[in-house]
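This report refers to the structure that appears directly beneath it.
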Amino acid sequence: QLQLVESGGGSVQPGGSLRLSCAASTRTFSPYSMGWFRQAPGKEREFVATIRWTVGFTYYADSVNGRFKITRDNAKNTVDLEMNNLKPDDTAVYYCAAASSFNGRSYNSEGRYDLWGQGTQVTVSS
């Protein structure tokens, strides 16, 4: 059964960097797009970034644009999220998500994605 497994979370001081990685559990993997979402304590899950699997187009939330970068490795079936200049407001559980096909939902909508990882904690604190 296909699963997504995140790694790379942890604790960092403000201004620091972290790199999250998400790996698909099967060799045959060709989603329409992959995304990262996050959920802070007491808040709803929100969109962070997404990438089209074949063409590589990327989209970001305004709050992370210019600080985060999403990349994918089609050969390794992985998608990474490089996070720079981290702020305390970036503290959250980060989730990797995959959209197996295009379903008409917006790229920043949870409804676009039909497979989710278990999440990895990112804490930004001094």
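Each chain of the structure tokens is named A, B, ... in the order shown, its residues numbered from 1; ligands are numbered from 1 in display order.
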
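Residues lying within 10 Å of Gly119 in chain A, counting only C-alpha atoms and ignoring same-chain neighbours fewer than 6 positions away, are Leu4, Val5, Glu6, Ser7, Gly9, Cys22, Trp36, Phe37, Arg38, Gln39, Ala92, Val93, Tyr94, Tyr95, Cys96 and Ala97 of chain A.
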
Using the selection just defined, write its residues with N, CA and C atoms as a JSON list (two decimals), in the first residue's frame.
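result26.json, freshly written:
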[["chain", "number", "residue", "atom", "x", "y", "z"],
["A", 4, "LEU", "N", 3.22, 7.76, 2.38],
["A", 4, "LEU", "CA", 4.16, 8.88, 2.36],
["A", 4, "LEU", "C", 4.78, 8.98, 3.74],
["A", 5, "VAL", "N", 6.10, 9.10, 3.78],
["A", 5, "VAL", "CA", 6.81, 9.15, 5.05],
["A", 5, "VAL", "C", 7.67, 10.41, 5.08],
["A", 6, "GLU", "N", 7.37, 11.27, 6.07],
["A", 6, "GLU", "CA", 8.13, 12.50, 6.22],
["A", 6, "GLU", "C", 9.30, 12.29, 7.16],
["A", 7, "SER", "N", 10.32, 13.11, 6.99],
["A", 7, "SER", "CA", 11.47, 13.12, 7.90],
["A", 7, "SER", "C", 12.10, 14.50, 7.86],
["A", 9, "GLY", "N", 12.16, 16.83, 10.49],
["A", 9, "GLY", "CA", 11.68, 17.82, 11.44],
["A", 9, "GLY", "C", 12.62, 17.95, 12.62],
["A", 22, "CYS", "N", 10.02, 13.98, 2.05],
["A", 22, "CYS", "CA", 8.86, 13.09, 2.01],
["A", 22, "CYS", "C", 9.15, 12.03, 0.95],
["A", 36, "TRP", "N", 2.97, 20.40, 0.59],
["A", 36, "TRP", "CA", 3.24, 20.44, 2.03],
["A", 36, "TRP", "C", 2.19, 21.35, 2.67],
["A", 37, "PHE", "N", 1.65, 20.87, 3.77],
["A", 37, "PHE", "CA", 0.73, 21.64, 4.60],
["A", 37, "PHE", "C", 1.30, 21.65, 6.01],
["A", 38, "ARG", "N", 0.76, 22.52, 6.84],
["A", 38, "ARG", "CA", 1.18, 22.54, 8.24],
["A", 38, "ARG", "C", 0.01, 22.88, 9.14],
["A", 39, "GLN", "N", 0.13, 22.43, 10.38],
["A", 39, "GLN", "CA", -0.91, 22.73, 11.36],
["A", 39, "GLN", "C", -0.27, 23.11, 12.67],
["A", 92, "ALA", "N", 4.95, 24.18, 13.74],
["A", 92, "ALA", "CA", 3.76, 23.42, 13.37],
["A", 92, "ALA", "C", 4.16, 21.97, 13.09],
["A", 93, "VAL", "N", 3.14, 21.14, 12.94],
["A", 93, "VAL", "CA", 3.35, 19.81, 12.36],
["A", 93, "VAL", "C", 3.21, 19.95, 10.86],
["A", 94, "TYR", "N", 4.21, 19.50, 10.14],
["A", 94, "TYR", "CA", 4.22, 19.61, 8.68],
["A", 94, "TYR", "C", 3.83, 18.27, 8.06],
["A", 95, "TYR", "N", 2.91, 18.35, 7.11],
["A", 95, "TYR", "CA", 2.40, 17.16, 6.45],
["A", 95, "TYR", "C", 2.72, 17.19, 4.95],
["A", 96, "CYS", "N", 3.15, 16.06, 4.47],
["A", 96, "CYS", "CA", 3.34, 15.86, 3.05],
["A", 96, "CYS", "C", 2.04, 15.29, 2.47],
["A", 97, "ALA", "N", 1.71, 15.69, 1.26],
["A", 97, "ALA", "CA", 0.47, 15.21, 0.64],
["A", 97, "ALA", "C", 0.68, 14.98, -0.85]]

With the cut-off set at 12 Å and counting only C-alpha atoms, tabulate each residue of range 40-90 of chain A with an atom at most that distance from an atom of range 28-31 of chain A, showing the nearest atom pair and its distance in Å to one decimal, ordered by chain and increasing number, as a tab-separated table.
residue	atom	partner	partner_atom	distance
A:Thr50	CA	A:Pro31	CA	11.9
A:Ile51	CA	A:Pro31	CA	10.3
A:Arg52	CA	A:Pro31	CA	8.3
A:Trp53	CA	A:Pro31	CA	6.3
A:Thr54	CA	A:Ser30	CA	8.1
A:Val55	CA	A:Pro31	CA	11.5
A:Gly56	CA	A:Pro31	CA	11.9
A:Arg72	CA	A:Pro31	CA	11.5
A:Asp73	CA	A:Ser30	CA	11.2
A:Asn74	CA	A:Ser30	CA	8.1
A:Ala75	CA	A:Phe29	CA	9.5
A:Lys76	CA	A:Phe29	CA	9.5
A:Asn77	CA	A:Phe29	CA	6.6
A:Thr78	CA	A:Phe29	CA	9.7
A:Val79	CA	A:Pro31	CA	11.4

Could you save the residues just selected, with N, CA, C and O atoms, as a compact mmCIF listing (two decimals), in the first residue's frame?
# COMPACT_ATOMS: atom_id res chain seq x y z
N THR A 50 3.41 23.66 -3.04
CA THR A 50 3.08 22.52 -3.87
C THR A 50 3.94 22.52 -5.12
O THR A 50 4.46 23.57 -5.53
N ILE A 51 4.09 21.35 -5.73
CA ILE A 51 4.87 21.22 -6.95
C ILE A 51 4.19 20.23 -7.88
O ILE A 51 3.73 19.18 -7.45
N ARG A 52 4.09 20.59 -9.13
CA ARG A 52 3.57 19.68 -10.14
C ARG A 52 4.65 18.65 -10.44
O ARG A 52 5.81 18.99 -10.68
N TRP A 53 4.27 17.38 -10.41
CA TRP A 53 5.27 16.31 -10.42
C TRP A 53 6.04 16.26 -11.74
O TRP A 53 7.25 16.06 -11.75
N THR A 54 5.35 16.41 -12.86
CA THR A 54 6.02 16.23 -14.14
C THR A 54 6.69 17.51 -14.64
O THR A 54 7.83 17.48 -15.09
N VAL A 55 6.01 18.64 -14.51
CA VAL A 55 6.56 19.87 -15.10
C VAL A 55 7.31 20.73 -14.09
O VAL A 55 8.04 21.64 -14.47
N GLY A 56 7.13 20.45 -12.80
CA GLY A 56 7.90 21.16 -11.79
C GLY A 56 7.42 22.53 -11.41
O GLY A 56 8.11 23.25 -10.69
N ARG A 72 11.45 18.35 -6.08
CA ARG A 72 11.13 16.92 -6.13
C ARG A 72 12.20 16.20 -6.92
O ARG A 72 12.89 16.77 -7.76
N ASP A 73 12.34 14.91 -6.61
CA ASP A 73 13.27 14.05 -7.32
C ASP A 73 12.44 12.90 -7.88
O ASP A 73 12.05 11.98 -7.15
N ASN A 74 12.16 12.97 -9.16
CA ASN A 74 11.29 11.98 -9.78
C ASN A 74 11.88 10.58 -9.73
O ASN A 74 11.15 9.59 -9.61
N ALA A 75 13.18 10.47 -9.79
CA ALA A 75 13.82 9.16 -9.78
C ALA A 75 13.74 8.51 -8.41
O ALA A 75 13.59 7.29 -8.30
N LYS A 76 13.85 9.32 -7.37
CA LYS A 76 13.83 8.79 -6.01
C LYS A 76 12.44 8.82 -5.38
O LYS A 76 12.25 8.32 -4.28
N ASN A 77 11.47 9.41 -6.10
CA ASN A 77 10.11 9.54 -5.57
C ASN A 77 10.08 10.28 -4.24
O ASN A 77 9.44 9.85 -3.27
N THR A 78 10.80 11.39 -4.19
CA THR A 78 10.83 12.20 -2.98
C THR A 78 10.49 13.65 -3.29
O THR A 78 10.70 14.13 -4.42
N VAL A 79 9.97 14.33 -2.31
CA VAL A 79 9.73 15.76 -2.40
C VAL A 79 10.27 16.39 -1.12
O VAL A 79 10.05 15.88 -0.03

Quick check for you: according to DSSP on this backbone, which residues of chain A are classed as strand (DSSP E or B)? Reply as JSON, numbers by chain.
{"A": [4, 5, 6, 7, 10, 11, 12, 18, 19, 20, 21, 22, 23, 24, 33, 34, 35, 36, 37, 38, 39, 46, 47, 48, 49, 50, 51, 52, 58, 59, 60, 65, 68, 69, 70, 71, 72, 73, 78, 79, 80, 81, 82, 83, 92, 93, 94, 95, 96, 97, 98, 99, 115, 116, 120, 121, 122, 123, 124]}

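Close contacts of Ser100 in chain A, defined as residues with an atom at most 10 Å away when counting only C-alpha atoms, with chain neighbours fewer than 6 positions off set aside, comprise Phe29, Ser30, Pro31, Tyr32, Ser33, Met34, Arg112, Tyr113, Asp114 and Leu115 of chain A.
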
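Rounded to one decimal, CA of Thr58 in chain A and CA of Ile70 in chain A lie 7.2 Å from each other.
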
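Residue-level DSSP output for chain A, from the backbone, shows helix (DSSP H, G or I) at A:Pro88, A:Asp89, A:Asp90, A:Glu110, A:Gly111, A:Arg112.
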
Written selection (C-alpha atoms) as a PDB file, in the first residue's frame:
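Done, and the output landed in selection.pdb:
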ATOM      1  CA  PRO A  88       8.420  31.161  15.552  1.00  0.00           C
ATOM      2  CA  ASP A  89       5.194  31.346  13.532  1.00  0.00           C
ATOM      3  CA  ASP A  90       6.508  28.496  11.379  1.00  0.00           C
ATOM      4  CA  GLU A 110      -6.677  20.037   1.127  1.00  0.00           C
ATOM      5  CA  GLY A 111      -9.324  18.506  -1.097  1.00  0.00           C
ATOM      6  CA  ARG A 112      -6.913  18.301  -4.007  1.00  0.00           C
TER       7      ARG A 112
END

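Of the residues listed (A:Ser126, A:Lys69, A:Val12, A:Gln118), A:Lys69 shows the shortest atom-to-atom separation from Phe57 in chain A; distances use only C-alpha atoms.
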
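Of the listed residues A:Arg45, A:Arg19, A:Arg27, A:Arg67, the one whose atoms come nearest to Leu81 in chain A is A:Arg19, with distances taken using only C-alpha atoms.
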
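In this comparison, which uses only C-alpha atoms, the residue of A:Thr91, A:Gln3, A:Thr120, A:Ser63 approaching Lys43 in chain A most closely is A:Thr91.
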
Could you check which of A:Glu46, A:Ala99, A:Thr71, A:Tyr59 is closest to Trp116 in chain A, using only C-alpha atoms?
A:Ala99

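If you look at CA of Gly66 in chain A and CA of Met83 in chain A, they are 9.6 Å away from each other.
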
Find the distance between CA of Ala23 in chain A and CA of Ser125 in chain A and write it in Å to one decimal.
27.1 Å
